[in-house]
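Following: one structure in structure tokens, then a few remarks.
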Amino acid sequence: VLPESCPGIKFDERGVCNVCVQFERQWGGFRERANVDARRRELENIFDSVRRKGRRYDCLVPLSGGFDSTYVLYVCKKVYNLKVLAFNFDNGFKSDFAEENLKNAVSSLDVDYKVFRPDWEIAKRLYALFFRKTGEFCTPCNIGIWSSSYITAKQMGIPLIVMGSSGKIESQLPPGCHVYSWSKAYFKEVCTGEMPLRLVRDYLHFPESLLENTARLISRRISVFDKARIIDLPSFVDWNVKSILEELETKMSWQHPQNRHHRIDCILEPVRVFLIQKRMGFSAAETYSTLIRNGQITREEALRRTIDEEREAAQEPPEMKVWMDRLDLSYEDLEGFQKRSQLPFIPFREKMRKTAEKTFRKMLIQNRLRILAK
Ligand SMILES: [Zn+2]
């Protein structure tokens with residue numbers, strides 16, 4: 001489903017792309033599939049250990065009102081009966097569906113709820129700044145969710161954060177194709193000369209790199225920061241999109257637009273998709289190829305939807321005007337955005353660390369193989 005024009009894509013002699021090969025290696029292997037019970041036990045052990053701490057809250061769930069996070073909240077509260085704090089980062093572009101789902105989830109599950117609203121003037125400057133420099137504007141929001149969740153967990157002594165995002169279900173592209181950097185160094189580099197760092201403190205409370213810290217390299221499923229453990233639920237349980245949707249609709253009265261349940265929490269999603277389509281020449285292929293890899297959809301259906309949605313994504317969406325107005329962007333700011341990239345802002349130090357971590361990961365895998373062989 002991913003086009004041949006996708007940067008960095010390579011096909012092997014069977015016609016399988018390098019993204020699929022990498023996915024199988026990481027998530028589809030025999031051990032991963034055979035270990036459903038072991039993973040569930042691991043999850044239950046984590047939940048038991050936070051319960052034993054007897055804090056006011058067992059865990060914090062970052063909640064957007066979208067598909068994944070609402071399901072995480074449901075599982076934590078309804079299935080495992082944890083004392084949960086639902087936590088929302090208000091990015092300033094929350095959709096009506098999300099607003100409705102948030103209210104609904106919090107009241108029907110009877111959990112405490114906290115909203116974090118970053119200073120709008122600063123948020124606005126960050127979105128516009130990231131777009132002007134790197135061609136995308138989602139990073140400040142993504143980083144803001146992590147950072148403010150960590151700050152809140154620390155302030156309230158919450159020992160566990162349960163996320164709904166995971167490499168297993170998130171869109172996958174070839175290495176180097178889409179460079180999303182989740183490091184402090186990158187964030188600071190983009191802000192350099194534009195915004196004093198003291199203004200963006202709310203965005204900078206996280207480990208040097210979000211996705212690649214050592215604890216996570218070893219366990220793959222758990223990371224630790226500021227005495228809180230962070231896990232993502234999709235890595236522990238089966239993530240069957242159809243049955244989750246059914247459960248959300250029947251048990252949580254979860255609302256979504258017709259024909260779409262993915263990324264419904266932000267009104268700027270059509271803008272993000274439109275810009276990606278313009279820049280890469282494809283957009284929906286990313287999501288649907290991931291769903292095929294996870295066994296959630298047939299290739300035929302994925303292809304049909306990709307063609308339909310990408311045709312639609314080529315048209316400028318009405319939300320574009322809202323986005324430009326609210327961020328004070330002009331058509332001049334858009335000119336040549338396709339050529340902008342995050343790459344120039346990823347410092348040398350970070351590139352070096354990534355290489356070192358790749359070697360470390362290889363060593364870990366080789367060690368595991370050696371033990372298995374014995
Ligand atoms: Zn593939």
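To be explicit about the labels: the chains of the structure tokens are called A, B, and onward in the order shown, and within each one the residues are counted from 1, while ligands get numbers from 1 in the order they are shown.
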
- Could you pull out the residues in segment 79-283 of chain A that DSSP calls strand (DSSP E) from the backbone, as JSON, numbers by chain? {"A": [84, 85, 86, 87, 88, 89, 112, 113, 114, 115, 116, 160, 161, 162, 163, 222, 223, 224, 225, 228, 229, 230, 231, 232]}

- Item | Nearby residues, ligand 1, 8 Å, only C-alpha atoms and all ligand atoms, as number ranges by chain | A: 1-2, 11, 16-21, 289, 293

Now that the selection is made, can you save its residues with N, CA and C atoms as a PDB file, in the first residue's frame?
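Final file, out.pdb:
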ATOM      1  N   VAL A   1       0.822  -1.208   0.000  1.00  0.00           N
ATOM      2  CA  VAL A   1       0.000   0.000   0.000  1.00  0.00           C
ATOM      3  C   VAL A   1       0.860   1.265   0.000  1.00  0.00           C
ATOM      4  N   LEU A   2       2.006   1.195   0.666  1.00  0.00           N
ATOM      5  CA  LEU A   2       2.936   2.333   0.594  1.00  0.00           C
ATOM      6  C   LEU A   2       3.480   2.434  -0.831  1.00  0.00           C
ATOM      7  N   PHE A  11      12.346  -2.903  -1.323  1.00  0.00           N
ATOM      8  CA  PHE A  11      11.604  -4.160  -1.365  1.00  0.00           C
ATOM      9  C   PHE A  11      12.576  -5.326  -1.499  1.00  0.00           C
ATOM     10  N   VAL A  16       8.497  -7.736  -0.347  1.00  0.00           N
ATOM     11  CA  VAL A  16       8.098  -7.224   0.971  1.00  0.00           C
ATOM     12  C   VAL A  16       8.942  -5.999   1.297  1.00  0.00           C
ATOM     13  N   CYS A  17       8.303  -4.934   1.777  1.00  0.00           N
ATOM     14  CA  CYS A  17       9.054  -3.704   2.023  1.00  0.00           C
ATOM     15  C   CYS A  17       9.810  -3.749   3.347  1.00  0.00           C
ATOM     16  N   ASN A  18      10.803  -2.870   3.462  1.00  0.00           N
ATOM     17  CA  ASN A  18      11.636  -2.850   4.674  1.00  0.00           C
ATOM     18  C   ASN A  18      10.858  -2.462   5.926  1.00  0.00           C
ATOM     19  N   VAL A  19       9.729  -1.722   5.768  1.00  0.00           N
ATOM     20  CA  VAL A  19       8.934  -1.366   6.944  1.00  0.00           C
ATOM     21  C   VAL A  19       8.272  -2.623   7.510  1.00  0.00           C
ATOM     22  N   CYS A  20       7.721  -3.459   6.617  1.00  0.00           N
ATOM     23  CA  CYS A  20       7.089  -4.709   7.048  1.00  0.00           C
ATOM     24  C   CYS A  20       8.111  -5.644   7.700  1.00  0.00           C
ATOM     25  N   VAL A  21       9.300  -5.715   7.112  1.00  0.00           N
ATOM     26  CA  VAL A  21      10.339  -6.594   7.657  1.00  0.00           C
ATOM     27  C   VAL A  21      10.690  -6.157   9.084  1.00  0.00           C
ATOM     28  N   SER A 289      -1.379   0.967   5.840  1.00  0.00           N
ATOM     29  CA  SER A 289      -0.380  -0.103   5.778  1.00  0.00           C
ATOM     30  C   SER A 289      -0.083  -0.608   7.192  1.00  0.00           C
ATOM     31  N   ARG A 293      -0.407  -4.514   8.686  1.00  0.00           N
ATOM     32  CA  ARG A 293       0.643  -5.206   9.454  1.00  0.00           C
ATOM     33  C   ARG A 293       0.110  -5.742  10.766  1.00  0.00           C
TER      34      ARG A 293
END

- Item | Pick from A:Glu13, A:Asn104, A:Phe97, A:Phe87 nearest to Ile264 of chain A, counting only C-alpha atoms |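 With only C-alpha atoms as the atom set, the closest residue is A:Phe97.
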
- Message: Can you pull out the residues contacting Asn142 of chain A? Cut-off 10 Å, using only C-alpha atoms, and skip same-chain residues under 4 positions away; I want them as JSON, numbers by chain.
- Response: {"A": [89, 91, 137, 138, 146, 147, 182, 203]}

- Query: Among segment 249-292 of chain A, which residues carry a DSSP assignment of helix (DSSP H, G or I), reported as number ranges by chain?
  - Reply: A: 249-252, 269-280, 284-292

Store the residues of this selection in a file with C-alpha atoms, as a JSON list (two decimals), in the first residue's frame.
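Output file result04.json is given in full below:
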[["chain", "number", "residue", "atom", "x", "y", "z"],
["A", 249, "GLU", "CA", -19.63, 2.51, 21.14],
["A", 250, "THR", "CA", -21.81, 0.20, 23.18],
["A", 251, "LYS", "CA", -20.34, 0.66, 26.66],
["A", 252, "MET", "CA", -19.01, 4.22, 26.55],
["A", 269, "GLU", "CA", -6.12, 16.53, 11.55],
["A", 270, "PRO", "CA", -7.35, 17.35, 7.98],
["A", 271, "VAL", "CA", -4.73, 20.13, 7.79],
["A", 272, "ARG", "CA", -1.96, 17.77, 8.92],
["A", 273, "VAL", "CA", -3.10, 15.22, 6.33],
["A", 274, "PHE", "CA", -3.38, 17.83, 3.55],
["A", 275, "LEU", "CA", 0.15, 19.10, 4.22],
["A", 276, "ILE", "CA", 1.59, 15.56, 4.35],
["A", 277, "GLN", "CA", -0.18, 14.69, 1.11],
["A", 278, "LYS", "CA", 1.32, 17.76, -0.56],
["A", 279, "ARG", "CA", 4.76, 17.09, 0.80],
["A", 280, "MET", "CA", 5.04, 13.31, 0.37],
["A", 284, "ALA", "CA", -3.55, 7.63, 4.22],
["A", 285, "ALA", "CA", -1.21, 4.88, 2.98],
["A", 286, "GLU", "CA", 0.79, 5.35, 6.17],
["A", 287, "THR", "CA", -2.17, 4.57, 8.44],
["A", 288, "TYR", "CA", -3.64, 1.74, 6.38],
["A", 289, "SER", "CA", -0.38, -0.10, 5.78],
["A", 290, "THR", "CA", 0.08, -0.11, 9.55],
["A", 291, "LEU", "CA", -3.39, -1.59, 10.01],
["A", 292, "ILE", "CA", -2.55, -4.37, 7.55]]

- Task: Could you tell me how far atom CA of Gln172 of chain A lies from atom CA of Phe23 of chain A, in Å and to one decimal?
- Result: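 Computing it gives 8.4 Å between the two atoms.
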
- Long-range neighbours of Leu199 of chain A as a VMD selection string, 12 Å cut-off, only C-alpha atoms, 4 positions minimum in chain: chain A and resid 118 to 123 125 to 126 188 191 194 to 195 203 to 204

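Of the listed residues (A:Met320, A:Arg201, A:Leu245, A:Val36), A:Leu245 comes nearest to Arg260 of chain A; the distances count only C-alpha atoms.
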
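Checking A:His256, A:Lys242, A:Lys77, A:Arg51 one by one against Leu109 of chain A, counting only C-alpha atoms, you find the shortest gap at A:Lys77.
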